[in-house]
>>> print(open('my_file_35.txt').read())   # compact mmCIF, N, CA and C atoms
# COMPACT_ATOMS: atom_id res chain seq x y z
N MET E 1 -55.71 -113.22 -30.04
CA MET E 1 -54.40 -113.49 -29.46
C MET E 1 -54.05 -112.43 -28.43
N ARG E 2 -53.21 -112.83 -27.53
CA ARG E 2 -52.75 -111.92 -26.48
C ARG E 2 -51.23 -111.80 -26.52
N ILE E 3 -50.77 -110.66 -26.06
CA ILE E 3 -49.33 -110.46 -25.91
C ILE E 3 -48.85 -111.40 -24.81
N SER E 4 -47.75 -112.09 -25.07
CA SER E 4 -47.25 -113.07 -24.11
C SER E 4 -46.75 -112.37 -22.83
N LYS E 5 -46.78 -113.14 -21.76
CA LYS E 5 -46.33 -112.61 -20.46
C LYS E 5 -44.85 -112.22 -20.52
N LYS E 6 -44.03 -113.00 -21.26
CA LYS E 6 -42.61 -112.67 -21.31
C LYS E 6 -42.39 -111.32 -22.00
N ASN E 7 -43.24 -110.97 -22.97
CA ASN E 7 -43.11 -109.67 -23.61
C ASN E 7 -43.56 -108.55 -22.68
N TRP E 8 -44.66 -108.77 -21.95
CA TRP E 8 -45.08 -107.76 -20.97
C TRP E 8 -43.98 -107.56 -19.92
N ASN E 9 -43.34 -108.65 -19.50
CA ASN E 9 -42.30 -108.57 -18.48
C ASN E 9 -41.06 -107.82 -18.97
N MET E 10 -40.86 -107.76 -20.25
CA MET E 10 -39.69 -107.07 -20.80
C MET E 10 -39.90 -105.55 -20.87
N LEU E 11 -41.15 -105.10 -20.80
CA LEU E 11 -41.44 -103.67 -20.93
C LEU E 11 -40.82 -102.85 -19.79
N ASP E 12 -40.90 -103.32 -18.56
CA ASP E 12 -40.33 -102.57 -17.44
C ASP E 12 -38.82 -102.39 -17.54
N PRO E 13 -38.06 -103.46 -17.82
CA PRO E 13 -36.61 -103.25 -17.98
C PRO E 13 -36.29 -102.29 -19.12
N LEU E 14 -37.05 -102.35 -20.20
CA LEU E 14 -36.83 -101.41 -21.31
C LEU E 14 -37.02 -99.98 -20.84
N ASN E 15 -38.12 -99.71 -20.16
CA ASN E 15 -38.39 -98.35 -19.71
C ASN E 15 -37.46 -97.90 -18.60
N ARG E 16 -37.03 -98.82 -17.74
CA ARG E 16 -36.05 -98.45 -16.70
C ARG E 16 -34.75 -97.98 -17.33
N GLU E 17 -34.28 -98.72 -18.34
CA GLU E 17 -33.04 -98.34 -19.01
C GLU E 17 -33.21 -97.05 -19.81
N ALA E 18 -34.37 -96.89 -20.45
CA ALA E 18 -34.64 -95.65 -21.19
C ALA E 18 -34.68 -94.46 -20.22
N LYS E 19 -35.26 -94.65 -19.05
CA LYS E 19 -35.33 -93.58 -18.05
C LYS E 19 -33.91 -93.21 -17.60
N ARG E 20 -33.08 -94.24 -17.39
CA ARG E 20 -31.70 -93.99 -16.97
C ARG E 20 -30.92 -93.28 -18.07
N LYS E 21 -31.13 -93.69 -19.31
CA LYS E 21 -30.35 -93.17 -20.42
C LYS E 21 -30.90 -91.85 -20.98
N TYR E 22 -32.22 -91.76 -21.10
CA TYR E 22 -32.84 -90.60 -21.76
C TYR E 22 -33.66 -89.72 -20.82
N GLY E 23 -33.89 -90.19 -19.60
CA GLY E 23 -34.66 -89.41 -18.64
C GLY E 23 -36.16 -89.54 -18.77
N ALA E 24 -36.63 -90.49 -19.57
CA ALA E 24 -38.08 -90.65 -19.75
C ALA E 24 -38.43 -92.09 -20.10
N TRP E 25 -39.64 -92.47 -19.76
CA TRP E 25 -40.18 -93.77 -20.18
C TRP E 25 -40.70 -93.58 -21.60
N ILE E 26 -40.08 -94.21 -22.56
CA ILE E 26 -40.40 -93.92 -23.96
C ILE E 26 -41.07 -95.09 -24.69
N TYR E 27 -41.18 -96.23 -24.05
CA TYR E 27 -41.75 -97.41 -24.72
C TYR E 27 -43.17 -97.69 -24.24
N ARG E 28 -44.01 -98.10 -25.17
CA ARG E 28 -45.39 -98.47 -24.88
C ARG E 28 -45.69 -99.79 -25.58
N LEU E 29 -46.50 -100.60 -24.92
CA LEU E 29 -46.89 -101.89 -25.46
C LEU E 29 -48.40 -102.02 -25.29
N GLY E 30 -49.08 -102.51 -26.31
CA GLY E 30 -50.52 -102.66 -26.19
C GLY E 30 -51.13 -103.22 -27.47
N TYR E 31 -52.39 -102.85 -27.70
CA TYR E 31 -53.15 -103.35 -28.84
C TYR E 31 -53.74 -102.17 -29.60
N ASP E 32 -53.85 -102.31 -30.92
CA ASP E 32 -54.55 -101.29 -31.69
C ASP E 32 -56.01 -101.72 -31.86
N SER E 33 -56.80 -100.92 -32.55
CA SER E 33 -58.23 -101.20 -32.69
C SER E 33 -58.52 -102.44 -33.54
N ASP E 34 -57.54 -102.89 -34.31
CA ASP E 34 -57.70 -104.11 -35.11
C ASP E 34 -57.27 -105.36 -34.36
N GLY E 35 -56.80 -105.22 -33.13
CA GLY E 35 -56.35 -106.36 -32.35
C GLY E 35 -54.90 -106.72 -32.55
N ASN E 36 -54.16 -105.91 -33.30
CA ASN E 36 -52.72 -106.14 -33.47
C ASN E 36 -51.98 -105.74 -32.20
N PHE E 37 -50.85 -106.42 -31.97
CA PHE E 37 -49.94 -105.99 -30.92
C PHE E 37 -49.23 -104.75 -31.43
N ILE E 38 -49.02 -103.77 -30.58
CA ILE E 38 -48.24 -102.60 -30.97
C ILE E 38 -47.16 -102.35 -29.94
N PHE E 39 -45.97 -102.05 -30.44
CA PHE E 39 -44.81 -101.70 -29.63
C PHE E 39 -44.33 -100.36 -30.15
N ILE E 40 -44.35 -99.36 -29.30
CA ILE E 40 -44.11 -97.99 -29.71
C ILE E 40 -42.94 -97.39 -28.94
N LYS E 41 -42.11 -96.64 -29.65
CA LYS E 41 -41.01 -95.89 -29.05
C LYS E 41 -41.20 -94.43 -29.44
N ASN E 42 -41.41 -93.57 -28.46
CA ASN E 42 -41.62 -92.14 -28.72
C ASN E 42 -42.67 -91.88 -29.80
N GLY E 43 -43.75 -92.60 -29.77
CA GLY E 43 -44.83 -92.39 -30.73
C GLY E 43 -44.65 -93.06 -32.08
N GLU E 44 -43.51 -93.71 -32.30
CA GLU E 44 -43.23 -94.39 -33.56
C GLU E 44 -43.44 -95.89 -33.40
N TYR E 45 -44.19 -96.50 -34.32
CA TYR E 45 -44.42 -97.93 -34.27
C TYR E 45 -43.14 -98.68 -34.61
N LEU E 46 -42.69 -99.51 -33.68
CA LEU E 46 -41.56 -100.39 -33.95
C LEU E 46 -42.07 -101.76 -34.39
N TYR E 47 -43.23 -102.13 -33.88
CA TYR E 47 -43.83 -103.41 -34.27
C TYR E 47 -45.35 -103.26 -34.25
N ARG E 48 -45.98 -103.85 -35.26
CA ARG E 48 -47.43 -103.90 -35.33
C ARG E 48 -47.78 -105.21 -36.02
N GLY E 49 -48.32 -106.15 -35.27
CA GLY E 49 -48.65 -107.46 -35.82
C GLY E 49 -49.19 -108.36 -34.74
N THR E 50 -49.22 -109.67 -35.02
CA THR E 50 -49.81 -110.62 -34.07
C THR E 50 -48.87 -111.76 -33.69
N ASN E 51 -47.59 -111.64 -33.99
CA ASN E 51 -46.64 -112.72 -33.71
C ASN E 51 -45.82 -112.37 -32.47
N ASN E 52 -45.99 -113.13 -31.39
CA ASN E 52 -45.27 -112.87 -30.15
C ASN E 52 -43.76 -113.02 -30.30
N ASP E 53 -43.32 -113.95 -31.15
CA ASP E 53 -41.88 -114.14 -31.33
C ASP E 53 -41.25 -112.95 -32.05
N GLU E 54 -41.94 -112.43 -33.06
CA GLU E 54 -41.43 -111.24 -33.75
C GLU E 54 -41.41 -110.03 -32.82
N LEU E 55 -42.46 -109.90 -32.01
CA LEU E 55 -42.51 -108.82 -31.02
C LEU E 55 -41.36 -108.95 -30.04
N ASN E 56 -41.11 -110.16 -29.57
CA ASN E 56 -40.01 -110.40 -28.65
C ASN E 56 -38.67 -110.04 -29.27
N ASP E 57 -38.47 -110.41 -30.53
CA ASP E 57 -37.22 -110.08 -31.22
C ASP E 57 -37.02 -108.57 -31.28
N MET E 58 -38.08 -107.82 -31.59
CA MET E 58 -37.98 -106.37 -31.67
C MET E 58 -37.66 -105.77 -30.30
N MET E 59 -38.28 -106.31 -29.26
CA MET E 59 -38.01 -105.79 -27.91
C MET E 59 -36.57 -106.10 -27.50
N GLN E 60 -36.08 -107.29 -27.86
CA GLN E 60 -34.69 -107.65 -27.56
C GLN E 60 -33.72 -106.72 -28.28
N LYS E 61 -34.03 -106.37 -29.54
CA LYS E 61 -33.18 -105.45 -30.29
C LYS E 61 -33.14 -104.08 -29.63
N GLU E 62 -34.27 -103.63 -29.13
CA GLU E 62 -34.31 -102.33 -28.45
C GLU E 62 -33.48 -102.37 -27.17
N LEU E 63 -33.56 -103.46 -26.43
CA LEU E 63 -32.72 -103.60 -25.24
C LEU E 63 -31.25 -103.54 -25.62
N ALA E 64 -30.89 -104.18 -26.71
CA ALA E 64 -29.49 -104.17 -27.16
C ALA E 64 -29.05 -102.75 -27.51
N THR E 65 -29.94 -101.95 -28.11
CA THR E 65 -29.56 -100.57 -28.44
C THR E 65 -29.35 -99.73 -27.19
N LEU E 66 -29.98 -100.14 -26.10
CA LEU E 66 -29.78 -99.45 -24.82
C LEU E 66 -28.55 -99.98 -24.08
N GLY E 67 -27.92 -101.00 -24.66
CA GLY E 67 -26.72 -101.56 -24.05
C GLY E 67 -27.00 -102.59 -22.97
N VAL E 68 -28.15 -103.22 -23.05
CA VAL E 68 -28.56 -104.17 -22.01
C VAL E 68 -28.95 -105.49 -22.67
N GLY E 69 -28.52 -106.58 -22.07
CA GLY E 69 -29.01 -107.89 -22.48
C GLY E 69 -30.01 -108.34 -21.45
N TYR E 70 -31.08 -108.94 -21.87
CA TYR E 70 -32.13 -109.34 -20.94
C TYR E 70 -32.73 -110.63 -21.43
N LYS E 71 -32.81 -111.61 -20.56
CA LYS E 71 -33.40 -112.89 -20.95
C LYS E 71 -34.28 -113.36 -19.81
N ILE E 72 -35.50 -113.73 -20.15
CA ILE E 72 -36.41 -114.27 -19.17
C ILE E 72 -36.31 -115.78 -19.19
N ILE E 73 -36.08 -116.36 -18.05
CA ILE E 73 -36.00 -117.81 -17.95
C ILE E 73 -37.38 -118.31 -17.54
N GLU E 74 -37.97 -119.12 -18.38
CA GLU E 74 -39.28 -119.66 -18.07
C GLU E 74 -39.11 -120.93 -17.26
N VAL E 75 -39.85 -121.00 -16.16
CA VAL E 75 -39.80 -122.16 -15.28
C VAL E 75 -41.09 -122.93 -15.44
N HIS E 76 -40.97 -124.21 -15.72
CA HIS E 76 -42.14 -125.07 -15.85
C HIS E 76 -42.08 -126.10 -14.73
N GLY E 77 -43.24 -126.40 -14.16
CA GLY E 77 -43.19 -127.42 -13.14
C GLY E 77 -44.33 -127.41 -12.21
>>> encode(input="my_file_35.txt", output="structure tokens")
Amino acid sequence: MRISKKNWNMLDPLNREAKRKYGAWIYRLGYDSDGNFIFIKNGEYLYRGTNNDELNDMMQKELATLGVGYKIIEVHG
């Protein structure tokens, strides 16, 4: 499985807001050696698993803690 594009697209707004608020890019997104998705804040795992929807929920919660709402509109056509 792969991390969805909408989750990758959310990483930049998260780090932009973190940079504005804390002065540093503190979020990382990627894969561990077992193929799990990993979402990390300052070295702490916030999410480790293979479900894109759960990963998206965690990323949305982090945006909310930064005081930002963010929604990606998917266009099909």
>>> residues_around(input="my_file_35.txt", residues="Gly35 (chain E)", least_positions_apart="5", cutoff="8 Å", atoms="all atoms listed in the file", output="ChimeraX atom specification")
/E:1,30,49-50
>>> atom_distance(input="my_file_35.txt", atom1="CA of Asn51 (chain E)", atom2="CA of Tyr27 (chain E)")
18.4 Å
>>> atom_distance(input="my_file_35.txt", atom1="CA of Tyr22 (chain E)", atom2="CA of Ile38 (chain E)")
21.6 Å
>>> select_by_dssp(input="my_file_35.txt", residues="region 13-74 of chain E", states="strand (DSSP E or B)", output="compact mmCIF listing (two decimals) with N, CA and C atoms, keeping the file's coordinate frame")
# COMPACT_ATOMS: atom_id res chain seq x y z
N TYR E 27 -41.18 -96.23 -24.05
CA TYR E 27 -41.75 -97.41 -24.72
C TYR E 27 -43.17 -97.69 -24.24
N ARG E 28 -44.01 -98.10 -25.17
CA ARG E 28 -45.39 -98.47 -24.88
C ARG E 28 -45.69 -99.79 -25.58
N LEU E 29 -46.50 -100.60 -24.92
CA LEU E 29 -46.89 -101.89 -25.46
C LEU E 29 -48.40 -102.02 -25.29
N GLY E 30 -49.08 -102.51 -26.31
CA GLY E 30 -50.52 -102.66 -26.19
C GLY E 30 -51.13 -103.22 -27.47
N TYR E 31 -52.39 -102.85 -27.70
CA TYR E 31 -53.15 -103.35 -28.84
C TYR E 31 -53.74 -102.17 -29.60
N PHE E 37 -50.85 -106.42 -31.97
CA PHE E 37 -49.94 -105.99 -30.92
C PHE E 37 -49.23 -104.75 -31.43
N ILE E 38 -49.02 -103.77 -30.58
CA ILE E 38 -48.24 -102.60 -30.97
C ILE E 38 -47.16 -102.35 -29.94
N PHE E 39 -45.97 -102.05 -30.44
CA PHE E 39 -44.81 -101.70 -29.63
C PHE E 39 -44.33 -100.36 -30.15
N ILE E 40 -44.35 -99.36 -29.30
CA ILE E 40 -44.11 -97.99 -29.71
C ILE E 40 -42.94 -97.39 -28.94
N LYS E 41 -42.11 -96.64 -29.65
CA LYS E 41 -41.01 -95.89 -29.05
C LYS E 41 -41.20 -94.43 -29.44
N GLU E 44 -43.51 -93.71 -32.30
CA GLU E 44 -43.23 -94.39 -33.56
C GLU E 44 -43.44 -95.89 -33.40
N TYR E 45 -44.19 -96.50 -34.32
CA TYR E 45 -44.42 -97.93 -34.27
C TYR E 45 -43.14 -98.68 -34.61
N LEU E 46 -42.69 -99.51 -33.68
CA LEU E 46 -41.56 -100.39 -33.95
C LEU E 46 -42.07 -101.76 -34.39
N TYR E 47 -43.23 -102.13 -33.88
CA TYR E 47 -43.83 -103.41 -34.27
C TYR E 47 -45.35 -103.26 -34.25
N ARG E 48 -45.98 -103.85 -35.26
CA ARG E 48 -47.43 -103.90 -35.33
C ARG E 48 -47.78 -105.21 -36.02
N GLY E 49 -48.32 -106.15 -35.27
CA GLY E 49 -48.65 -107.46 -35.82
C GLY E 49 -49.19 -108.36 -34.74
>>> residues_near_point(input="my_file_35.txt", point="(-28.3, -102.8, -26.1)", cutoff="12 Å", atoms="only C-alpha atoms", output="number ranges by chain")
E: 13-14, 17-18, 21, 58-70
>>> residues_near_point(input="my_file_35.txt", point="(-45.9, -111.3, -28.3)", cutoff="9 Å", atoms="only C-alpha atoms", output="list in words")
Met1, Arg2, Ile3, Ser4, Lys5, Lys6, Asn7, Trp8, Phe37, Gly49, Thr50, Asn51, Asn52, Asp53, Glu54, Leu55 and Asn56 of chain E
>>> residues_around(input="my_file_35.txt", residues="Ile26 (chain E)", least_positions_apart="2", cutoff="8 Å", atoms="only C-alpha atoms", output="ChimeraX atom specification")
/E:15,18-19,24,28,40-42
>>> atom_distance(input="my_file_35.txt", atom1="CA of Leu11 (chain E)", atom2="CA of Leu29 (chain E)")
7.3 Å
>>> build_atoms(input="my_file_35.txt", residues="region 54-65 of chain E", atoms="all heavy atoms", output="PDB file, in the coordinates of the input")
ATOM      1  N   GLU E  54     -41.940-112.430 -33.060  1.00  0.00           N
ATOM      2  CA  GLU E  54     -41.430-111.240 -33.750  1.00  0.00           C
ATOM      3  C   GLU E  54     -41.410-110.030 -32.820  1.00  0.00           C
ATOM      4  O   GLU E  54     -40.473-109.238 -32.829  1.00  0.00           O
ATOM      5  CB  GLU E  54     -42.291-110.925 -34.981  1.00  0.00           C
ATOM      6  CG  GLU E  54     -42.121-111.916 -36.103  1.00  0.00           C
ATOM      7  CD  GLU E  54     -43.095-111.660 -37.248  1.00  0.00           C
ATOM      8  OE1 GLU E  54     -43.902-110.694 -37.173  1.00  0.00           O
ATOM      9  OE2 GLU E  54     -43.053-112.430 -38.221  1.00  0.00           O
ATOM     10  N   LEU E  55     -42.460-109.900 -32.010  1.00  0.00           N
ATOM     11  CA  LEU E  55     -42.510-108.820 -31.020  1.00  0.00           C
ATOM     12  C   LEU E  55     -41.360-108.950 -30.040  1.00  0.00           C
ATOM     13  O   LEU E  55     -40.666-107.975 -29.737  1.00  0.00           O
ATOM     14  CB  LEU E  55     -43.857-108.843 -30.287  1.00  0.00           C
ATOM     15  CG  LEU E  55     -44.028-107.860 -29.141  1.00  0.00           C
ATOM     16  CD1 LEU E  55     -43.881-106.416 -29.598  1.00  0.00           C
ATOM     17  CD2 LEU E  55     -45.391-108.071 -28.474  1.00  0.00           C
ATOM     18  N   ASN E  56     -41.110-110.160 -29.570  1.00  0.00           N
ATOM     19  CA  ASN E  56     -40.010-110.400 -28.650  1.00  0.00           C
ATOM     20  C   ASN E  56     -38.670-110.040 -29.270  1.00  0.00           C
ATOM     21  O   ASN E  56     -37.821-109.414 -28.625  1.00  0.00           O
ATOM     22  CB  ASN E  56     -40.012-111.864 -28.189  1.00  0.00           C
ATOM     23  CG  ASN E  56     -38.964-112.135 -27.142  1.00  0.00           C
ATOM     24  OD1 ASN E  56     -37.843-112.487 -27.474  1.00  0.00           O
ATOM     25  ND2 ASN E  56     -39.329-111.946 -25.893  1.00  0.00           N
ATOM     26  N   ASP E  57     -38.470-110.410 -30.530  1.00  0.00           N
ATOM     27  CA  ASP E  57     -37.220-110.080 -31.220  1.00  0.00           C
ATOM     28  C   ASP E  57     -37.020-108.570 -31.280  1.00  0.00           C
ATOM     29  O   ASP E  57     -35.918-108.072 -31.055  1.00  0.00           O
ATOM     30  CB  ASP E  57     -37.203-110.655 -32.640  1.00  0.00           C
ATOM     31  CG  ASP E  57     -37.068-112.168 -32.671  1.00  0.00           C
ATOM     32  OD1 ASP E  57     -36.699-112.750 -31.626  1.00  0.00           O
ATOM     33  OD2 ASP E  57     -37.345-112.753 -33.733  1.00  0.00           O
ATOM     34  N   MET E  58     -38.080-107.820 -31.590  1.00  0.00           N
ATOM     35  CA  MET E  58     -37.980-106.370 -31.670  1.00  0.00           C
ATOM     36  C   MET E  58     -37.660-105.770 -30.300  1.00  0.00           C
ATOM     37  O   MET E  58     -36.833-104.858 -30.186  1.00  0.00           O
ATOM     38  CB  MET E  58     -39.281-105.774 -32.220  1.00  0.00           C
ATOM     39  CG  MET E  58     -39.251-104.266 -32.350  1.00  0.00           C
ATOM     40  SD  MET E  58     -37.896-103.612 -33.356  1.00  0.00           S
ATOM     41  CE  MET E  58     -38.375-104.177 -34.960  1.00  0.00           C
ATOM     42  N   MET E  59     -38.280-106.310 -29.260  1.00  0.00           N
ATOM     43  CA  MET E  59     -38.010-105.790 -27.910  1.00  0.00           C
ATOM     44  C   MET E  59     -36.570-106.100 -27.500  1.00  0.00           C
ATOM     45  O   MET E  59     -35.903-105.272 -26.883  1.00  0.00           O
ATOM     46  CB  MET E  59     -39.024-106.362 -26.919  1.00  0.00           C
ATOM     47  CG  MET E  59     -40.439-105.871 -27.199  1.00  0.00           C
ATOM     48  SD  MET E  59     -41.680-106.559 -26.096  1.00  0.00           S
ATOM     49  CE  MET E  59     -41.528-105.428 -24.711  1.00  0.00           C
ATOM     50  N   GLN E  60     -36.080-107.290 -27.860  1.00  0.00           N
ATOM     51  CA  GLN E  60     -34.690-107.650 -27.560  1.00  0.00           C
ATOM     52  C   GLN E  60     -33.720-106.720 -28.280  1.00  0.00           C
ATOM     53  O   GLN E  60     -32.712-106.303 -27.721  1.00  0.00           O
ATOM     54  CB  GLN E  60     -34.409-109.105 -27.984  1.00  0.00           C
ATOM     55  CG  GLN E  60     -35.132-110.141 -27.181  1.00  0.00           C
ATOM     56  CD  GLN E  60     -34.477-110.452 -25.846  1.00  0.00           C
ATOM     57  OE1 GLN E  60     -33.436-109.929 -25.504  1.00  0.00           O
ATOM     58  NE2 GLN E  60     -35.121-111.310 -25.086  1.00  0.00           N
ATOM     59  N   LYS E  61     -34.030-106.370 -29.540  1.00  0.00           N
ATOM     60  CA  LYS E  61     -33.180-105.450 -30.290  1.00  0.00           C
ATOM     61  C   LYS E  61     -33.140-104.080 -29.630  1.00  0.00           C
ATOM     62  O   LYS E  61     -32.086-103.440 -29.563  1.00  0.00           O
ATOM     63  CB  LYS E  61     -33.680-105.309 -31.727  1.00  0.00           C
ATOM     64  CG  LYS E  61     -33.406-106.504 -32.584  1.00  0.00           C
ATOM     65  CD  LYS E  61     -33.986-106.337 -33.970  1.00  0.00           C
ATOM     66  CE  LYS E  61     -33.897-107.630 -34.745  1.00  0.00           C
ATOM     67  NZ  LYS E  61     -34.617-107.562 -36.023  1.00  0.00           N
ATOM     68  N   GLU E  62     -34.270-103.630 -29.130  1.00  0.00           N
ATOM     69  CA  GLU E  62     -34.310-102.330 -28.450  1.00  0.00           C
ATOM     70  C   GLU E  62     -33.480-102.370 -27.170  1.00  0.00           C
ATOM     71  O   GLU E  62     -32.777-101.414 -26.846  1.00  0.00           O
ATOM     72  CB  GLU E  62     -35.748-101.917 -28.139  1.00  0.00           C
ATOM     73  CG  GLU E  62     -36.460-101.349 -29.322  1.00  0.00           C
ATOM     74  CD  GLU E  62     -35.773-100.108 -29.885  1.00  0.00           C
ATOM     75  OE1 GLU E  62     -35.588 -99.121 -29.156  1.00  0.00           O
ATOM     76  OE2 GLU E  62     -35.416-100.133 -31.076  1.00  0.00           O
ATOM     77  N   LEU E  63     -33.560-103.460 -26.430  1.00  0.00           N
ATOM     78  CA  LEU E  63     -32.720-103.600 -25.240  1.00  0.00           C
ATOM     79  C   LEU E  63     -31.250-103.540 -25.620  1.00  0.00           C
ATOM     80  O   LEU E  63     -30.452-102.914 -24.921  1.00  0.00           O
ATOM     81  CB  LEU E  63     -33.019-104.909 -24.502  1.00  0.00           C
ATOM     82  CG  LEU E  63     -34.205-104.872 -23.556  1.00  0.00           C
ATOM     83  CD1 LEU E  63     -34.565-106.276 -23.118  1.00  0.00           C
ATOM     84  CD2 LEU E  63     -33.925-103.999 -22.355  1.00  0.00           C
ATOM     85  N   ALA E  64     -30.890-104.180 -26.710  1.00  0.00           N
ATOM     86  CA  ALA E  64     -29.490-104.170 -27.160  1.00  0.00           C
ATOM     87  C   ALA E  64     -29.050-102.750 -27.510  1.00  0.00           C
ATOM     88  O   ALA E  64     -27.914-102.369 -27.226  1.00  0.00           O
ATOM     89  CB  ALA E  64     -29.312-105.100 -28.350  1.00  0.00           C
ATOM     90  N   THR E  65     -29.940-101.950 -28.110  1.00  0.00           N
ATOM     91  CA  THR E  65     -29.560-100.570 -28.440  1.00  0.00           C
ATOM     92  C   THR E  65     -29.350 -99.730 -27.190  1.00  0.00           C
ATOM     93  O   THR E  65     -28.633 -98.750 -27.218  1.00  0.00           O
ATOM     94  CB  THR E  65     -30.605 -99.869 -29.349  1.00  0.00           C
ATOM     95  OG1 THR E  65     -31.826 -99.733 -28.632  1.00  0.00           O
ATOM     96  CG2 THR E  65     -30.812-100.612 -30.639  1.00  0.00           C
TER      97      THR E  65
END
